[in-house]
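The next block is query39.txt, given as compact mmCIF, C-alpha atoms.
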```txt
# COMPACT_ATOMS: atom_id res chain seq x y z
CA MET O 7 -21.79 120.47 -132.17
CA ASN O 8 -25.42 121.57 -132.13
CA GLU O 9 -26.91 118.36 -130.78
CA ASN O 10 -29.90 117.80 -128.60
CA VAL O 11 -30.68 115.11 -126.08
CA LEU O 12 -32.31 112.90 -128.73
CA ASP O 13 -29.09 112.95 -130.80
CA ILE O 14 -27.15 111.69 -127.78
CA LEU O 15 -29.76 109.05 -126.97
CA MET O 16 -29.71 107.82 -130.58
CA TYR O 17 -25.90 107.67 -130.49
CA LEU O 18 -25.98 105.69 -127.24
CA PHE O 19 -28.64 103.35 -128.54
CA GLU O 20 -26.91 102.68 -131.85
CA ASN O 21 -23.48 102.19 -130.29
CA TYR O 22 -24.11 100.65 -126.88
CA PHE O 23 -27.65 99.48 -126.22
CA SER O 24 -28.91 97.92 -129.44
CA GLU O 25 -26.98 94.68 -128.91
CA PRO O 26 -27.16 92.47 -125.80
CA MET O 27 -24.21 92.99 -123.46
CA ASP O 28 -22.73 90.80 -120.76
CA GLU O 29 -22.77 93.71 -118.35
CA ALA O 30 -24.01 97.27 -118.45
CA PRO O 31 -21.40 99.87 -119.39
CA ASP O 32 -20.29 102.21 -116.62
CA GLN O 33 -22.21 105.50 -116.77
CA ASN O 34 -19.17 107.63 -115.91
CA VAL O 35 -17.13 105.98 -118.67
CA LEU O 36 -19.95 106.51 -121.17
CA GLN O 37 -20.31 110.17 -120.16
CA THR O 38 -16.57 110.72 -120.64
CA GLU O 39 -16.64 108.98 -124.04
CA LEU O 40 -19.61 111.10 -125.17
CA VAL O 41 -17.90 114.35 -124.16
CA GLU O 42 -14.72 113.20 -125.94
CA ALA O 43 -16.85 112.42 -129.03
CA GLY O 44 -17.89 116.09 -129.08
CA PHE O 45 -21.20 116.14 -127.21
CA ALA O 46 -21.67 118.98 -124.71
CA GLU O 47 -21.43 117.83 -121.10
CA PRO O 48 -24.71 119.46 -119.95
CA LYS O 49 -26.59 117.70 -122.78
CA VAL O 50 -24.90 114.40 -121.91
CA LYS O 51 -26.06 114.75 -118.31
CA LYS O 52 -29.60 115.53 -119.51
CA ALA O 53 -29.53 112.40 -121.69
CA PHE O 54 -28.59 110.22 -118.72
CA SER O 55 -31.26 111.89 -116.63
CA TRP O 56 -33.73 111.10 -119.44
CA LEU O 57 -32.65 107.43 -119.35
CA GLU O 58 -33.13 107.34 -115.57
CA GLY O 59 -36.62 108.76 -116.06
CA LEU O 60 -37.34 106.02 -118.60
CA ALA O 61 -36.22 103.33 -116.16
CA HIS O 62 -38.40 104.87 -113.46
CA GLN O 63 -41.42 105.07 -115.79
CA GLN O 64 -41.02 101.48 -116.95
CA SER O 65 -40.72 100.13 -113.42
CA GLY O 66 -43.82 102.11 -112.37
CA THR O 67 -45.92 100.87 -115.31
CA ALA O 68 -44.96 97.27 -114.64
CA LYS O 69 -46.21 97.54 -111.05
CA GLU O 70 -49.61 99.01 -111.90
CA PRO O 71 -52.47 96.49 -111.81
CA GLY O 72 -53.16 95.44 -115.37
CA GLY O 73 -50.00 97.20 -116.61
CA GLY O 74 -51.49 100.69 -116.62
CA PRO O 75 -54.37 102.26 -118.50
CA SER O 76 -56.97 99.99 -120.05
CA HIS O 77 -56.72 99.08 -123.71
CA ARG O 78 -60.06 100.83 -124.12
CA SER O 79 -58.84 104.14 -122.74
CA VAL O 80 -59.06 107.22 -124.93
CA ARG O 81 -56.10 109.58 -124.83
CA ILE O 82 -56.76 113.29 -125.00
CA PHE O 83 -53.55 115.24 -125.59
CA THR O 84 -52.84 118.21 -123.37
CA GLU O 85 -52.27 121.61 -124.95
CA GLU O 86 -48.53 121.28 -124.25
CA GLU O 87 -48.42 117.82 -125.90
CA GLU O 88 -50.33 119.10 -128.94
CA HIS O 89 -47.94 122.02 -129.24
CA LYS O 90 -44.77 119.92 -128.92
CA MET O 91 -45.81 116.84 -130.93
CA THR O 92 -46.53 117.47 -134.60
CA ARG O 93 -49.85 116.38 -136.05
CA ASP O 94 -47.99 113.61 -137.92
CA ALA O 95 -46.41 112.38 -134.69
CA ARG O 96 -49.76 112.29 -132.89
CA GLY O 97 -51.38 110.54 -135.85
CA PHE O 98 -48.54 108.03 -136.01
CA LEU O 99 -48.92 107.32 -132.30
CA THR O 100 -52.65 106.73 -132.77
CA PHE O 101 -51.87 104.40 -135.69
CA LEU O 102 -49.36 102.46 -133.56
CA GLU O 103 -51.89 102.04 -130.78
CA ASP O 104 -54.74 101.09 -133.14
CA SER O 105 -52.44 98.54 -134.80
CA GLY O 106 -51.54 96.93 -131.48
CA VAL O 107 -47.87 97.90 -131.67
CA VAL O 108 -48.26 100.13 -128.61
CA ASP O 109 -50.54 99.44 -125.66
CA ALA O 110 -51.99 102.16 -123.43
CA GLY O 111 -49.28 101.79 -120.77
CA THR O 112 -46.47 101.98 -123.30
CA ARG O 113 -48.19 104.99 -124.90
CA GLU O 114 -48.06 106.86 -121.61
CA VAL O 115 -44.39 106.06 -121.03
CA LEU O 116 -43.67 107.12 -124.61
CA ILE O 117 -45.51 110.43 -124.26
CA ASP O 118 -43.76 111.12 -120.94
CA ARG O 119 -40.35 110.52 -122.49
CA LEU O 120 -41.19 112.57 -125.59
CA MET O 121 -42.21 115.50 -123.42
CA ALA O 122 -38.97 115.15 -121.41
CA LEU O 123 -36.85 115.77 -124.52
CA ASP O 124 -35.32 119.22 -124.92
CA SER O 125 -36.74 119.57 -128.44
CA ASP O 126 -39.29 122.24 -129.27
CA GLU O 127 -41.00 119.94 -131.76
CA ILE O 128 -41.32 116.17 -131.91
CA ASP O 129 -41.99 114.65 -135.32
CA ALA O 130 -42.88 111.07 -136.29
CA GLU O 131 -39.22 110.14 -136.80
CA ALA O 132 -38.24 111.29 -133.30
CA LEU O 133 -41.27 109.44 -131.93
CA SER O 134 -40.06 106.27 -133.71
CA TRP O 135 -36.61 106.49 -132.13
CA VAL O 136 -37.96 107.13 -128.64
CA LEU O 137 -40.43 104.28 -129.07
CA LEU O 138 -37.56 101.97 -130.00
CA MET O 139 -35.78 102.95 -126.79
CA VAL O 140 -38.94 102.47 -124.72
CA LEU O 141 -39.62 99.03 -126.22
CA HIS O 142 -35.99 97.89 -125.95
CA ASN O 143 -36.27 96.87 -122.29
CA SER O 144 -40.00 96.18 -122.14
CA PRO O 145 -40.72 92.49 -121.61
CA GLY O 146 -43.57 91.26 -123.77
CA HIS O 147 -42.97 93.86 -126.47
CA GLU O 148 -40.32 91.99 -128.47
CA GLY O 149 -42.47 91.76 -131.62
CA ALA O 150 -43.28 95.46 -131.50
CA TYR O 151 -39.59 96.25 -130.99
CA VAL O 152 -38.60 94.28 -134.09
CA TRP O 153 -41.37 95.95 -136.13
CA VAL O 154 -40.28 99.46 -135.11
CA GLU O 155 -36.60 98.64 -135.60
CA ASP O 156 -37.28 97.33 -139.11
CA MET O 157 -39.36 100.39 -139.93
CA ILE O 158 -36.63 102.81 -138.79
CA PHE O 159 -33.72 101.06 -140.47
CA ASP O 160 -35.65 100.38 -143.70
CA ARG O 161 -36.44 104.10 -143.83
CA MET O 162 -32.75 104.93 -143.24
CA ASP O 163 -31.75 102.57 -146.08
CA GLY O 164 -34.20 104.27 -148.41
CA VAL O 165 -36.66 101.37 -148.45
CA PHE O 166 -40.27 102.39 -148.07
CA HIS O 167 -43.16 99.93 -147.87
```
Written as structure tokens, how would this file's structure read?
Amino acid sequence: MNENVLDILMYLFENYFSEPMDEAPDQNVLQTELVEAGFAEPKVKKAFSWLEGLAHQQSGTAKEPGGGPSHRSVRIFTEEEEHKMTRDARGFLTFLEDSGVVDAGTREVLIDRLMALDSDEIDAEALSWVLLMVLHNSPGHEGAYVWVEDMIFDRMDGVFH
């Protein structure tokens, strides 16, 4: 299988994290199941490391006074971010922020997690999936989560608005 970390994260999200659970699945059991499903063990470990980084980022943003950067902040992308994120992805992120779907704090967590992926290029679709994962456990972002989820699954069903 020629998967990347995002493929594993999407698989986990679709199969384990998209629905509320009584208790969190055991990480060792999940890792074993992913390897048995054909994902390479080093990539599986990177995916779980990515998830730990997300949890760390989300707990750090919640503790910052005011939830992080101001809603009036202007984001200048670094050279590395511009190289890795396609123009469409950066434009989509700006649209999401201008529309109020993403606030400045969530934007920073999202960019951090995008840059942590092992992909050479991040397009708008990958950004959408990572945003869904970021919003999934972010209190106060339920409406944004539903909007992004609808957008992704409508696109997968061939429905475009």
Determine, using all atoms listed in the file, which residues of range 144-163 of chain O have any atom at most 9 Å from an atom of range 98-120 of chain O, and tabulate each with its shortest atom pair and distance in Å to one decimal place, rows ordered by chain and then rising number, as a tab-separated table.
```
residue	atom	partner	partner_atom	distance
O:Ser144	CA	O:Thr112	CA	8.8
O:His147	CA	O:Val107	CA	8.2
O:Gly149	CA	O:Val107	CA	8.2
O:Ala150	CA	O:Val107	CA	5.2
O:Tyr151	CA	O:Val107	CA	8.5
O:Trp153	CA	O:Val107	CA	8.1
O:Val154	CA	O:Val107	CA	8.5
```
Residues as selected, C-alpha atoms, written as a PDB file, in the coordinates of the input, can you do that?
```pdb
ATOM      1  CA  SER O 144     -40.000  96.180-122.140  1.00  0.00           C
ATOM      2  CA  HIS O 147     -42.970  93.860-126.470  1.00  0.00           C
ATOM      3  CA  GLY O 149     -42.470  91.760-131.620  1.00  0.00           C
ATOM      4  CA  ALA O 150     -43.280  95.460-131.500  1.00  0.00           C
ATOM      5  CA  TYR O 151     -39.590  96.250-130.990  1.00  0.00           C
ATOM      6  CA  TRP O 153     -41.370  95.950-136.130  1.00  0.00           C
ATOM      7  CA  VAL O 154     -40.280  99.460-135.110  1.00  0.00           C
TER       8      VAL O 154
END
```
Note to self: Between CA of Asp129 in chain O and CA of Thr92 in chain O, what is the distance in Å, rounded to a tenth?
What the structure shows: 5.4 Å
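Taking CA of Asp32 in chain O and CA of Trp56 in chain O as the two end points, the separation is 16.4 Å.
Separating CA of Pro31 in chain O from CA of Ser125 in chain O is a distance of 26.6 Å.
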Near-Ala132 in chain O list (9 Å; only C-alpha atoms; drop same-chain fewer than 4 positions) as a short mmCIF file (atom, residue, chain, number, x, y, z; two decimals) with C-alpha atoms, in the coordinates of the input:
```cif
data_model
loop_
_atom_site.label_atom_id
_atom_site.label_comp_id
_atom_site.auth_asym_id
_atom_site.auth_seq_id
_atom_site.Cartn_x
_atom_site.Cartn_y
_atom_site.Cartn_z
CA LEU O 12 -32.31 112.90 -128.73
CA ALA O 95 -46.41 112.38 -134.69
CA LEU O 120 -41.19 112.57 -125.59
CA ILE O 128 -41.32 116.17 -131.91
CA VAL O 136 -37.96 107.13 -128.64
CA LEU O 137 -40.43 104.28 -129.07
#
```
Next item on the list: Find the spatial neighbours of Val50 in chain O, counting all atoms listed in the file, within a cut-off of 7 Å - ignore same-chain residues fewer than 5 positions away - and output them as a ChimeraX atom specification.
Entry: /O:14,37,45
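Applying the 8 Å criterion to (-33.6, 112.8, -133.4) in file coordinates and using only C-alpha atoms, one obtains the residues Asn10, Leu12, Asp13, Met16, Glu131, Ala132 and Trp135 of chain O.
Compared by their closest atoms to Thr84 in chain O, and using all atoms listed in the file, the residues O:Ala61, O:Met121, O:Val140, O:Leu15 rank with O:Met121 nearest.
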Next item on the list: Considering all atoms listed in the file, state which residue in the set O:Met139, O:Val35, O:Val152, O:Leu133 is at the smallest distance from Tyr17 in chain O.
Entry: O:Met139
Check: What would the list of residues within 8 Å of (-32.9, 98.9, -126.4) (file frame) look like as a ChimeraX atom specification, if all atoms listed in the file are what count?
Finding: /O:19,23-25,138-143
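Of the listed residues O:Leu18, O:Leu36, O:Leu60, O:Val80, the one whose atoms come nearest to Ala122 in chain O is O:Leu60, with distances taken using only C-alpha atoms.
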Check: Which residue, O:Gln64, O:Asp126, O:Val41, O:Lys49, has the smallest gap to Glu9 in chain O when you use all atoms listed in the file?
Finding: O:Lys49
Output file: range 107-134 of chain O, N, CA and C atoms, as a PDB file, in the first residue's frame:
```pdb
ATOM      1  N   VAL O 107     -15.988  30.373   9.629  1.00  0.00           N
ATOM      2  CA  VAL O 107     -15.963  28.934   9.895  1.00  0.00           C
ATOM      3  C   VAL O 107     -14.762  28.597  10.768  1.00  0.00           C
ATOM      4  N   VAL O 108     -13.663  29.307  10.544  1.00  0.00           N
ATOM      5  CA  VAL O 108     -12.414  29.086  11.272  1.00  0.00           C
ATOM      6  C   VAL O 108     -12.023  30.394  11.947  1.00  0.00           C
ATOM      7  N   ASP O 109     -11.712  30.313  13.240  1.00  0.00           N
ATOM      8  CA  ASP O 109     -11.190  31.498  13.917  1.00  0.00           C
ATOM      9  C   ASP O 109      -9.666  31.454  13.872  1.00  0.00           C
ATOM     10  N   ALA O 110      -9.028  32.505  14.349  1.00  0.00           N
ATOM     11  CA  ALA O 110      -7.570  32.610  14.244  1.00  0.00           C
ATOM     12  C   ALA O 110      -6.857  31.490  15.005  1.00  0.00           C
ATOM     13  N   GLY O 111      -7.360  31.120  16.170  1.00  0.00           N
ATOM     14  CA  GLY O 111      -6.737  30.039  16.939  1.00  0.00           C
ATOM     15  C   GLY O 111      -6.841  28.699  16.234  1.00  0.00           C
ATOM     16  N   THR O 112      -8.018  28.416  15.688  1.00  0.00           N
ATOM     17  CA  THR O 112      -8.219  27.170  14.950  1.00  0.00           C
ATOM     18  C   THR O 112      -7.360  27.164  13.694  1.00  0.00           C
ATOM     19  N   ARG O 113      -7.225  28.316  13.048  1.00  0.00           N
ATOM     20  CA  ARG O 113      -6.371  28.431  11.860  1.00  0.00           C
ATOM     21  C   ARG O 113      -4.942  28.010  12.181  1.00  0.00           C
ATOM     22  N   GLU O 114      -4.434  28.453  13.311  1.00  0.00           N
ATOM     23  CA  GLU O 114      -3.056  28.122  13.675  1.00  0.00           C
ATOM     24  C   GLU O 114      -2.888  26.644  13.981  1.00  0.00           C
ATOM     25  N   VAL O 115      -3.859  26.056  14.665  1.00  0.00           N
ATOM     26  CA  VAL O 115      -3.808  24.606  14.918  1.00  0.00           C
ATOM     27  C   VAL O 115      -3.871  23.867  13.593  1.00  0.00           C
ATOM     28  N   LEU O 116      -4.746  24.302  12.707  1.00  0.00           N
ATOM     29  CA  LEU O 116      -4.898  23.669  11.405  1.00  0.00           C
ATOM     30  C   LEU O 116      -3.599  23.738  10.603  1.00  0.00           C
ATOM     31  N   ILE O 117      -2.985  24.906  10.540  1.00  0.00           N
ATOM     32  CA  ILE O 117      -1.737  25.047   9.790  1.00  0.00           C
ATOM     33  C   ILE O 117      -0.646  24.167  10.407  1.00  0.00           C
ATOM     34  N   ASP O 118      -0.566  24.143  11.725  1.00  0.00           N
ATOM     35  CA  ASP O 118       0.430  23.294  12.390  1.00  0.00           C
ATOM     36  C   ASP O 118       0.239  21.834  12.008  1.00  0.00           C
ATOM     37  N   ARG O 119      -0.996  21.360  12.027  1.00  0.00           N
ATOM     38  CA  ARG O 119      -1.262  19.957  11.715  1.00  0.00           C
ATOM     39  C   ARG O 119      -1.069  19.675  10.220  1.00  0.00           C
ATOM     40  N   LEU O 120      -1.366  20.629   9.361  1.00  0.00           N
ATOM     41  CA  LEU O 120      -1.099  20.441   7.933  1.00  0.00           C
ATOM     42  C   LEU O 120       0.394  20.300   7.684  1.00  0.00           C
ATOM     43  N   MET O 121       1.178  21.139   8.336  1.00  0.00           N
ATOM     44  CA  MET O 121       2.625  21.098   8.138  1.00  0.00           C
ATOM     45  C   MET O 121       3.234  19.828   8.735  1.00  0.00           C
ATOM     46  N   ALA O 122       2.552  19.217   9.687  1.00  0.00           N
ATOM     47  CA  ALA O 122       3.057  17.990  10.318  1.00  0.00           C
ATOM     48  C   ALA O 122       2.781  16.743   9.473  1.00  0.00           C
ATOM     49  N   LEU O 123       1.974  16.874   8.430  1.00  0.00           N
ATOM     50  CA  LEU O 123       1.709  15.733   7.555  1.00  0.00           C
ATOM     51  C   LEU O 123       2.955  15.404   6.740  1.00  0.00           C
ATOM     52  N   ASP O 124       3.060  14.155   6.321  1.00  0.00           N
ATOM     53  CA  ASP O 124       4.221  13.735   5.543  1.00  0.00           C
ATOM     54  C   ASP O 124       4.047  13.959   4.044  1.00  0.00           C
ATOM     55  N   SER O 125       3.051  14.726   3.664  1.00  0.00           N
ATOM     56  CA  SER O 125       2.791  15.013   2.258  1.00  0.00           C
ATOM     57  C   SER O 125       3.669  16.157   1.768  1.00  0.00           C
ATOM     58  N   ASP O 126       4.081  16.070   0.511  1.00  0.00           N
ATOM     59  CA  ASP O 126       4.856  17.152  -0.086  1.00  0.00           C
ATOM     60  C   ASP O 126       3.978  18.338  -0.438  1.00  0.00           C
ATOM     61  N   GLU O 127       2.693  18.057  -0.729  1.00  0.00           N
ATOM     62  CA  GLU O 127       1.773  19.106  -1.142  1.00  0.00           C
ATOM     63  C   GLU O 127       0.427  18.897  -0.464  1.00  0.00           C
ATOM     64  N   ILE O 128      -0.133  19.980   0.035  1.00  0.00           N
ATOM     65  CA  ILE O 128      -1.436  19.944   0.688  1.00  0.00           C
ATOM     66  C   ILE O 128      -2.408  20.731  -0.182  1.00  0.00           C
ATOM     67  N   ASP O 129      -3.458  20.054  -0.652  1.00  0.00           N
ATOM     68  CA  ASP O 129      -4.463  20.736  -1.464  1.00  0.00           C
ATOM     69  C   ASP O 129      -5.689  21.057  -0.606  1.00  0.00           C
ATOM     70  N   ALA O 130      -6.695  21.672  -1.216  1.00  0.00           N
ATOM     71  CA  ALA O 130      -7.893  22.089  -0.484  1.00  0.00           C
ATOM     72  C   ALA O 130      -8.644  20.891   0.095  1.00  0.00           C
ATOM     73  N   GLU O 131      -8.632  19.756  -0.595  1.00  0.00           N
ATOM     74  CA  GLU O 131      -9.324  18.572  -0.088  1.00  0.00           C
ATOM     75  C   GLU O 131      -8.645  18.045   1.186  1.00  0.00           C
ATOM     76  N   ALA O 132      -7.321  17.966   1.165  1.00  0.00           N
ATOM     77  CA  ALA O 132      -6.597  17.524   2.360  1.00  0.00           C
ATOM     78  C   ALA O 132      -6.838  18.507   3.503  1.00  0.00           C
ATOM     79  N   LEU O 133      -6.835  19.794   3.198  1.00  0.00           N
ATOM     80  CA  LEU O 133      -7.107  20.807   4.210  1.00  0.00           C
ATOM     81  C   LEU O 133      -8.486  20.576   4.819  1.00  0.00           C
ATOM     82  N   SER O 134      -9.478  20.252   3.991  1.00  0.00           N
ATOM     83  CA  SER O 134     -10.836  20.007   4.480  1.00  0.00           C
ATOM     84  C   SER O 134     -10.873  18.851   5.471  1.00  0.00           C
TER      85      SER O 134
END
```
